[in-house]
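As stored in model.txt (compact mmCIF, C-alpha atoms):
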# COMPACT_ATOMS: atom_id res chain seq x y z
CA MET A 1 -11.66 5.30 -4.24
CA THR A 2 -12.67 2.16 -2.30
CA ASN A 3 -10.39 0.40 0.19
CA GLU A 4 -10.03 -2.54 -2.20
CA SER A 5 -8.82 -0.47 -5.13
CA CYS A 6 -6.49 1.40 -2.75
CA LEU A 7 -4.92 -1.91 -1.73
CA ALA A 8 -4.69 -3.07 -5.37
CA ASP A 9 -2.99 0.17 -6.29
CA LYS A 10 -0.52 -0.13 -3.42
CA SER A 11 0.32 -3.73 -4.31
CA THR A 12 1.11 -2.65 -7.88
CA VAL A 13 2.76 0.69 -7.23
CA GLN A 14 5.08 -0.21 -4.37
CA PRO A 15 6.98 -3.00 -6.19
CA LEU A 16 7.16 -0.73 -9.25
CA ARG A 17 8.63 2.07 -7.16
CA ARG A 18 11.19 -0.34 -5.73
CA LEU A 19 12.04 -1.58 -9.25
CA ALA A 20 12.48 2.01 -10.43
CA LEU A 21 14.85 2.76 -7.54
CA ASP A 22 16.88 -0.46 -7.99
CA SER A 23 17.04 0.10 -11.77
CA CYS A 24 18.19 3.70 -11.33
CA ILE A 25 21.02 2.54 -9.06
CA ALA A 26 21.98 -0.27 -11.47
CA PHE A 27 21.85 1.94 -14.58
CA GLY A 28 23.66 4.77 -12.78
CA LEU A 29 26.53 2.48 -11.79
CA TYR A 30 26.49 0.96 -15.28
CA ALA A 31 26.76 4.42 -16.89
CA VAL A 32 29.68 5.40 -14.63
CA VAL A 33 31.63 2.16 -15.28
CA LEU A 34 30.82 2.34 -19.01
CA ALA A 35 32.05 5.94 -19.29
CA ALA A 36 35.21 5.04 -17.35
CA THR A 37 36.01 2.04 -19.58
CA ILE A 38 35.37 4.03 -22.79
CA TRP A 39 37.55 6.87 -21.53
CA TYR A 40 40.33 4.45 -20.54
CA LEU A 41 40.26 2.38 -23.73
CA LYS A 42 39.85 5.29 -26.19
CA ARG A 43 41.96 8.00 -24.58
CA VAL A 44 44.43 6.54 -22.06
CA HIS A 45 45.44 3.08 -23.15
CA PRO A 46 43.83 1.94 -26.44
CA ALA A 47 46.12 -1.11 -26.74
CA ALA A 48 45.83 -2.18 -23.11
CA PRO A 49 46.54 -5.87 -22.50
CA GLY A 50 43.28 -7.57 -21.61
CA LYS A 51 41.26 -4.80 -23.25
CA TYR A 52 38.29 -7.14 -23.80
CA LEU A 53 38.23 -7.85 -20.08
CA ILE A 54 38.24 -4.13 -19.30
CA ALA A 55 35.54 -3.48 -21.91
CA ALA A 56 33.40 -6.19 -20.28
CA LEU A 57 33.59 -4.52 -16.83
CA PRO A 58 30.21 -2.72 -17.23
CA ILE A 59 28.58 -6.18 -17.03
CA LEU A 60 29.28 -6.23 -13.26
CA PRO A 61 26.96 -3.36 -12.24
CA ALA A 62 24.48 -4.54 -14.90
CA LEU A 63 24.10 -7.78 -12.93
CA LEU A 64 22.03 -5.78 -10.45
CA ILE A 65 19.29 -5.55 -13.12
CA PRO A 66 18.20 -9.24 -13.05
CA ARG A 67 18.27 -9.06 -9.24
CA ALA A 68 16.00 -6.00 -9.29
CA LEU A 69 13.66 -7.63 -11.82
CA ILE A 70 13.34 -10.87 -9.81
CA ARG A 71 12.69 -8.89 -6.61
CA TYR A 72 10.02 -6.88 -8.43
CA PHE A 73 8.22 -10.02 -9.64
CA ARG A 74 8.33 -11.61 -6.18
CA ASN A 75 6.66 -8.56 -4.63
CA LEU A 76 3.72 -8.62 -7.04
CA ASP A 77 0.36 -10.20 -6.25
CA GLU A 78 -0.59 -13.52 -7.82
CA LEU A 79 -2.55 -12.13 -10.77
CA GLN A 80 0.18 -9.66 -11.67
CA GLN A 81 2.75 -12.48 -11.47
CA LYS A 82 0.67 -14.55 -13.91
CA ILE A 83 0.48 -11.62 -16.34
CA ARG A 84 4.23 -10.95 -16.10
CA LEU A 85 5.02 -14.65 -16.54
CA GLU A 86 2.97 -14.91 -19.73
CA ALA A 87 4.40 -11.64 -21.04
CA LEU A 88 7.95 -12.82 -20.38
CA ALA A 89 7.31 -16.21 -21.95
CA PHE A 90 6.00 -14.49 -25.08
CA ALA A 91 8.90 -12.01 -25.11
CA PHE A 92 11.46 -14.75 -24.65
CA THR A 93 10.18 -17.08 -27.36
CA GLY A 94 9.53 -14.09 -29.62
CA THR A 95 13.08 -12.81 -29.27
CA ALA A 96 14.56 -16.27 -29.84
CA ILE A 97 12.52 -16.79 -33.02
CA LEU A 98 13.04 -13.30 -34.45
CA THR A 99 16.81 -13.26 -33.80
CA PHE A 100 17.17 -16.77 -35.20
CA GLY A 101 15.07 -15.83 -38.21
CA TYR A 102 17.04 -12.66 -38.83
CA GLY A 103 20.34 -14.51 -38.38
CA PHE A 104 19.20 -16.96 -41.01
CA LEU A 105 18.26 -14.13 -43.36
CA GLU A 106 21.70 -12.56 -42.88
CA GLY A 107 22.98 -15.61 -44.69
CA VAL A 108 20.90 -14.73 -47.76
CA GLY A 109 21.88 -11.10 -47.98
CA LEU A 110 20.25 -9.04 -45.23
CA GLN A 111 22.51 -6.51 -43.58
CA HIS A 112 24.54 -7.75 -40.59
CA LEU A 113 23.33 -6.13 -37.37
CA SER A 114 25.32 -5.65 -34.19
CA TRP A 115 24.18 -7.49 -31.06
CA ILE A 116 23.67 -4.10 -29.46
CA HIS A 117 20.35 -3.96 -31.38
CA VAL A 118 18.94 -7.14 -29.84
CA TRP A 119 17.50 -5.34 -26.80
CA PRO A 120 14.97 -3.23 -28.75
CA VAL A 121 13.62 -6.51 -30.20
CA MET A 122 13.34 -7.90 -26.65
CA ALA A 123 11.64 -4.74 -25.40
CA ALA A 124 9.14 -4.74 -28.29
CA CYS A 125 8.31 -8.41 -27.71
CA TRP A 126 7.80 -7.74 -23.99
CA VAL A 127 5.40 -4.86 -24.68
CA ILE A 128 3.37 -7.06 -27.08
CA GLY A 129 3.40 -9.88 -24.51
CA GLU A 130 2.20 -7.51 -21.75
CA VAL A 131 -0.68 -6.25 -23.91
CA LYS A 132 -1.67 -9.82 -24.84
CA ALA A 133 -1.53 -11.15 -21.27
CA THR A 134 -3.27 -8.12 -19.72
CA ARG A 135 -6.13 -8.46 -22.23
CA HIS A 136 -6.51 -12.15 -21.38
CA TYR A 137 -6.79 -11.53 -17.62
CA ARG A 138 -8.92 -8.36 -17.84
CA MET B 1 7.40 -34.71 -8.62
CA ASP B 2 5.20 -33.60 -11.52
CA THR B 3 1.44 -33.87 -11.18
CA THR B 4 -0.56 -35.67 -13.88
CA GLU B 5 -1.74 -32.32 -15.20
CA THR B 6 1.82 -30.99 -15.46
CA LYS B 7 2.93 -34.16 -17.21
CA LYS B 8 0.08 -33.83 -19.71
CA ALA B 9 0.89 -30.16 -20.27
CA LYS B 10 4.57 -30.98 -20.78
CA ARG B 11 3.78 -33.73 -23.28
CA ARG B 12 1.43 -31.43 -25.18
CA LEU B 13 4.03 -28.63 -25.20
CA TRP B 14 6.72 -30.92 -26.60
CA ILE B 15 4.42 -32.23 -29.34
CA GLU B 16 3.37 -28.70 -30.31
CA LEU B 17 6.95 -27.45 -30.22
CA ALA B 18 8.13 -30.35 -32.38
CA VAL B 19 5.39 -29.66 -34.95
CA ALA B 20 6.11 -25.91 -34.93
CA TYR B 21 9.85 -26.57 -35.20
CA PHE B 22 9.50 -28.77 -38.26
CA VAL B 23 7.04 -26.37 -39.89
CA PHE B 24 9.48 -23.52 -39.29
CA LEU B 25 12.55 -25.39 -40.48
CA GLY B 26 10.73 -26.76 -43.49
CA ALA B 27 9.33 -23.37 -44.50
CA LEU B 28 12.50 -21.39 -43.85
CA TYR B 29 14.92 -23.84 -45.40
CA GLY B 30 12.54 -24.52 -48.27
CA CYS B 31 12.00 -20.83 -49.03
CA THR B 32 15.56 -19.65 -48.63
CA LEU B 33 17.50 -22.50 -50.11
CA TRP B 34 15.21 -23.23 -53.02
CA PHE B 35 13.49 -19.94 -53.98
CA LEU B 36 16.37 -17.60 -53.18
CA ARG B 37 18.98 -19.70 -54.89
CA ALA B 38 16.73 -19.87 -57.91
CA LYS B 39 16.09 -16.09 -57.89
CA PRO B 40 18.73 -14.36 -55.75
CA GLY B 41 17.68 -10.86 -56.84
CA ALA B 42 13.94 -11.33 -56.30
CA PRO B 43 12.34 -8.28 -54.66
CA TRP B 44 10.06 -10.45 -52.50
CA LYS B 45 12.93 -12.25 -50.79
CA TYR B 46 12.46 -10.16 -47.63
CA LEU B 47 8.91 -11.48 -47.33
CA ILE B 48 10.55 -14.66 -46.12
CA GLY B 49 11.33 -12.71 -42.98
CA ALA B 50 7.64 -13.09 -42.16
CA VAL B 51 7.95 -16.88 -41.91
CA PRO B 52 9.35 -16.83 -38.33
CA VAL B 53 6.32 -14.77 -37.30
CA VAL B 54 4.06 -17.69 -38.20
CA TRP B 55 6.23 -19.91 -36.04
CA LEU B 56 6.12 -17.32 -33.27
CA ALA B 57 2.33 -17.50 -33.25
CA CYS B 58 2.40 -21.33 -32.91
CA VAL B 59 5.10 -21.41 -30.23
CA SER B 60 3.75 -18.54 -28.11
CA GLY B 61 0.32 -20.22 -28.05
CA SER B 62 1.89 -23.50 -26.89
CA MET B 63 3.98 -21.74 -24.24
CA THR B 64 0.98 -19.84 -22.86
CA ARG B 65 -1.13 -23.01 -22.62
CA PHE B 66 1.78 -24.81 -20.93
CA ILE B 67 2.32 -22.03 -18.37
CA ARG B 68 -1.38 -21.89 -17.49
CA CYS B 69 -1.35 -25.64 -16.71
CA LEU B 70 1.55 -25.37 -14.24
CA ASP B 71 0.90 -25.39 -10.50
CA GLU B 72 1.65 -22.30 -8.40
CA LEU B 73 5.15 -23.32 -7.29
CA LYS B 74 6.22 -24.20 -10.82
CA GLN B 75 4.84 -20.88 -12.07
CA LYS B 76 6.96 -19.06 -9.47
CA ILE B 77 10.06 -21.01 -10.55
CA ALA B 78 9.27 -20.28 -14.21
CA LEU B 79 8.85 -16.57 -13.47
CA ASP B 80 12.19 -16.37 -11.65
CA THR B 81 13.89 -18.37 -14.42
CA LEU B 82 12.48 -16.20 -17.20
CA ALA B 83 13.21 -12.95 -15.33
CA PHE B 84 16.84 -13.99 -14.87
CA ALA B 85 17.16 -15.28 -18.44
CA PHE B 86 15.51 -12.20 -19.98
CA ALA B 87 17.66 -9.70 -18.08
CA GLY B 88 20.76 -11.89 -18.55
CA THR B 89 20.27 -12.09 -22.32
CA LEU B 90 19.69 -8.35 -22.50
CA ILE B 91 22.93 -7.60 -20.63
CA LEU B 92 25.07 -10.16 -22.44
CA THR B 93 23.92 -9.23 -25.95
CA PHE B 94 24.27 -5.53 -25.19
CA ALA B 95 27.74 -6.08 -23.68
CA TYR B 96 28.83 -8.16 -26.68
CA GLY B 97 27.54 -5.50 -29.04
CA PHE B 98 29.58 -2.97 -27.10
CA LEU B 99 32.68 -5.19 -27.27
CA GLU B 100 32.32 -5.31 -31.07
CA ASN B 101 33.49 -1.68 -31.03
CA PHE B 102 36.77 -2.86 -29.52
CA GLY B 103 37.55 -5.51 -32.09
CA VAL B 104 35.66 -8.60 -30.93
CA PRO B 105 34.48 -10.55 -34.02
CA ARG B 106 30.96 -9.69 -35.21
CA LEU B 107 28.56 -12.55 -34.66
CA SER B 108 25.39 -13.35 -36.55
CA TRP B 109 22.05 -13.03 -34.72
CA ILE B 110 21.62 -16.76 -35.32
CA HIS B 111 23.74 -17.30 -32.17
CA VAL B 112 21.56 -15.17 -29.86
CA PRO B 113 19.18 -18.09 -29.01
CA LEU B 114 22.23 -20.01 -27.71
CA VAL B 115 22.91 -17.21 -25.20
CA MET B 116 19.21 -17.27 -24.27
CA ALA B 117 19.29 -21.03 -23.72
CA ALA B 118 22.38 -20.74 -21.49
CA CYS B 119 20.65 -18.00 -19.47
CA VAL B 120 17.50 -20.16 -19.07
CA ILE B 121 19.61 -23.07 -17.77
CA ALA B 122 21.45 -20.79 -15.30
CA GLY B 123 18.18 -19.13 -14.25
CA SER B 124 16.37 -22.42 -13.68
CA ILE B 125 19.24 -23.75 -11.53
CA ILE B 126 19.15 -20.59 -9.36
CA ALA B 127 15.33 -20.56 -9.11
CA LYS B 128 15.07 -24.29 -8.28
CA ALA B 129 17.76 -23.92 -5.61
CA ARG B 130 15.80 -21.07 -4.05
CA TYR B 131 12.45 -22.89 -3.91
CA ARG B 132 13.85 -26.28 -2.86
As C-alpha cells, how would this structure be written, given the file I've shared?
Amino acid sequence: MTNESCLADKSTVQPLRRLALDSCIAFGLYAVVLAATIWYLKRVHPAAPGKYLIAALPILPALLIPRALIRYFRNLDELQQKIRLEALAFAFTGTAILTFGYGFLEGVGLQHLSWIHVWPVMAACWVIGEVKATRHYR
Amino acid sequence: MDTTETKKAKRRLWIELAVAYFVFLGALYGCTLWFLRAKPGAPWKYLIGAVPVVWLACVSGSMTRFIRCLDELKQKIALDTLAFAFAGTLILTFAYGFLENFGVPRLSWIHVPLVMAACVIAGSIIAKARYR
C-alpha cells in the first residue's frame, strides 16, 4: 500500500471510528432512557401526570446523534464532504417527497402508517444518495 | 454576500423547483382527485404512488446542480445544516411515533415535511452562527 492510499484510508477511517464511538454512546444512553420510560409508564405509573413529557425524555440522549454526525462530517476531507453533502441533499429531498406523497395517498385509502416508520425511508434514501454521489465522484 | 455564480445557481434552483412543484401538484391532484373519485375501487390506484418519484428525480437533479455551484464555505454551511436537519428529523419522527403508543394523536405522513423544514431552519441558524 502506498503512503498516499494509507493517508486516504486514515482520513476516512478515523472520522468513521469516532462516529461509531459517539453513536454507540448516544444509542446506549437512548436505549437506557427508553427502557426506563417504558418501564415507568407501563408498569409503575401508567396514568402519570405529564406522561407525554416523560415519554419524550429519550429525545435528550438522542440529541447527541446530530452532534456526532456534524463532527463526523467536519473531520472528513473535502471530497468526502462533497459526497456526503450530495447524498444528504438527495436523502432529504427524497424523504420529504416520499412522505408527502404517501401522506397524500393516505387520504385516498392507503393504510395509515406510524411516524416510527419514517426513518427506514430516510435510511433508504441516504443509501441511494450515497451510491449516486460516490459514482459521480469516482 | 452571494457571488454572481451563487446568485445564478439560486435563481436556476428556484425556477426548477417551481416547475417541479407545479408538475407534481398538477399530476398528483389531477390523478387522485379526478381519476380516483371517478373509479375509487380501481386496482391501479396505487400506481399513483409512483408520481412523487418523478418529482423526486426533477428535484434531486436541481438540488445537486445547485450544491455543486456553491462556494466552499456555503457547502460547509449546507453540510452542517443538512446533517442537523437529517438527524433532527429522524429523532423527532421516531420520538413522535413512539409517543403514539402512549395516546398522542396519530398524524398523517403529509406533516413530516413540516418537521423537516423546521429542522432545516434550526440547522441553518446554528451552522451560520458557527461560520460567521
Between A:Arg67, A:Phe73, A:Ala35, A:Gln81, which is the closest to Ile54 of chain A once you count all atoms listed in the file?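 Among the listed residues, the smallest separation from Ile54 of chain A belongs to A:Ala35.
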Would you pick out the contacts of Leu57 of chain A at 12 Å or less, using only C-alpha atoms, so that residues sharing its chain but fewer than 2 positions from it are not included, and give the list as a ChimeraX atom specification? /A:29-38,40-41,50-55,59-63 /B:91-92,95-96,98-99
Go ahead and save the picked residues with C-alpha atoms, as a tab-separated table (two decimals), in the coordinates of the input.
chain	number	residue	atom	x	y	z
A	29	LEU	CA	26.53	2.48	-11.79
A	30	TYR	CA	26.49	0.96	-15.28
A	31	ALA	CA	26.76	4.42	-16.89
A	32	VAL	CA	29.68	5.40	-14.63
A	33	VAL	CA	31.63	2.16	-15.28
A	34	LEU	CA	30.82	2.34	-19.01
A	35	ALA	CA	32.05	5.94	-19.29
A	36	ALA	CA	35.21	5.04	-17.35
A	37	THR	CA	36.01	2.04	-19.58
A	38	ILE	CA	35.37	4.03	-22.79
A	40	TYR	CA	40.33	4.45	-20.54
A	41	LEU	CA	40.26	2.38	-23.73
A	50	GLY	CA	43.28	-7.57	-21.61
A	51	LYS	CA	41.26	-4.80	-23.25
A	52	TYR	CA	38.29	-7.14	-23.80
A	53	LEU	CA	38.23	-7.85	-20.08
A	54	ILE	CA	38.24	-4.13	-19.30
A	55	ALA	CA	35.54	-3.48	-21.91
A	59	ILE	CA	28.58	-6.18	-17.03
A	60	LEU	CA	29.28	-6.23	-13.26
A	61	PRO	CA	26.96	-3.36	-12.24
A	62	ALA	CA	24.48	-4.54	-14.90
A	63	LEU	CA	24.10	-7.78	-12.93
B	91	ILE	CA	22.93	-7.60	-20.63
B	92	LEU	CA	25.07	-10.16	-22.44
B	95	ALA	CA	27.74	-6.08	-23.68
B	96	TYR	CA	28.83	-8.16	-26.68
B	98	PHE	CA	29.58	-2.97	-27.10
B	99	LEU	CA	32.68	-5.19	-27.27
To one decimal place in Å, what is the distance between atom CA of Val127 of chain A and atom CA of Asn101 of chain B?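 Separation of atom CA of Val127 of chain A and atom CA of Asn101 of chain B: 29.0 Å.
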The distance between atom CA of Val13 of chain A and atom CA of Lys132 of chain A is 21.0 Å
Taking all atoms listed in the file into account, find every residue of chain A that has an atom no more than 8 Å from chain B, and write it out as a ChimeraX atom specification. /A:51-52,55-56,58-59,62-63,65-67,69-70,73,81-82,84-86,88-90,92-94,96-106,108,112-119,122
What separates atom CA of Glu130 of chain A and atom CA of Asp77 of chain A is a distance of 15.8 Å
Counting all atoms listed in the file, select every polymer residue within 10 Å of (-5.0, -7.7, -17.9) as defined in the file's coordinates, and provide the selection as a compact mmCIF listing (two decimals) with C-alpha atoms, in the coordinates of the input.
# COMPACT_ATOMS: atom_id res chain seq x y z
CA LEU A 79 -2.55 -12.13 -10.77
CA GLN A 80 0.18 -9.66 -11.67
CA LYS A 82 0.67 -14.55 -13.91
CA ILE A 83 0.48 -11.62 -16.34
CA ARG A 84 4.23 -10.95 -16.10
CA GLU A 130 2.20 -7.51 -21.75
CA VAL A 131 -0.68 -6.25 -23.91
CA LYS A 132 -1.67 -9.82 -24.84
CA ALA A 133 -1.53 -11.15 -21.27
CA THR A 134 -3.27 -8.12 -19.72
CA ARG A 135 -6.13 -8.46 -22.23
CA HIS A 136 -6.51 -12.15 -21.38
CA TYR A 137 -6.79 -11.53 -17.62
CA ARG A 138 -8.92 -8.36 -17.84
Go through A:Leu110, A:Ala124, A:Ala87, A:Leu76 and flag the residue nearest Arg17 of chain A, using only C-alpha atoms for the distances.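 Closest residue, counting only C-alpha atoms: A:Leu76.
Restricting the calculation to all atoms listed in the file, the smallest distance between Leu73 of chain B and any of A:Gly109, A:Pro120, A:Glu78, A:Cys125 is found for A:Glu78.
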For Leu21 of chain A, which residue among A:Ala91, A:Val44, A:Ala123, A:Leu64 is the nearest when counting only C-alpha atoms? A:Leu64
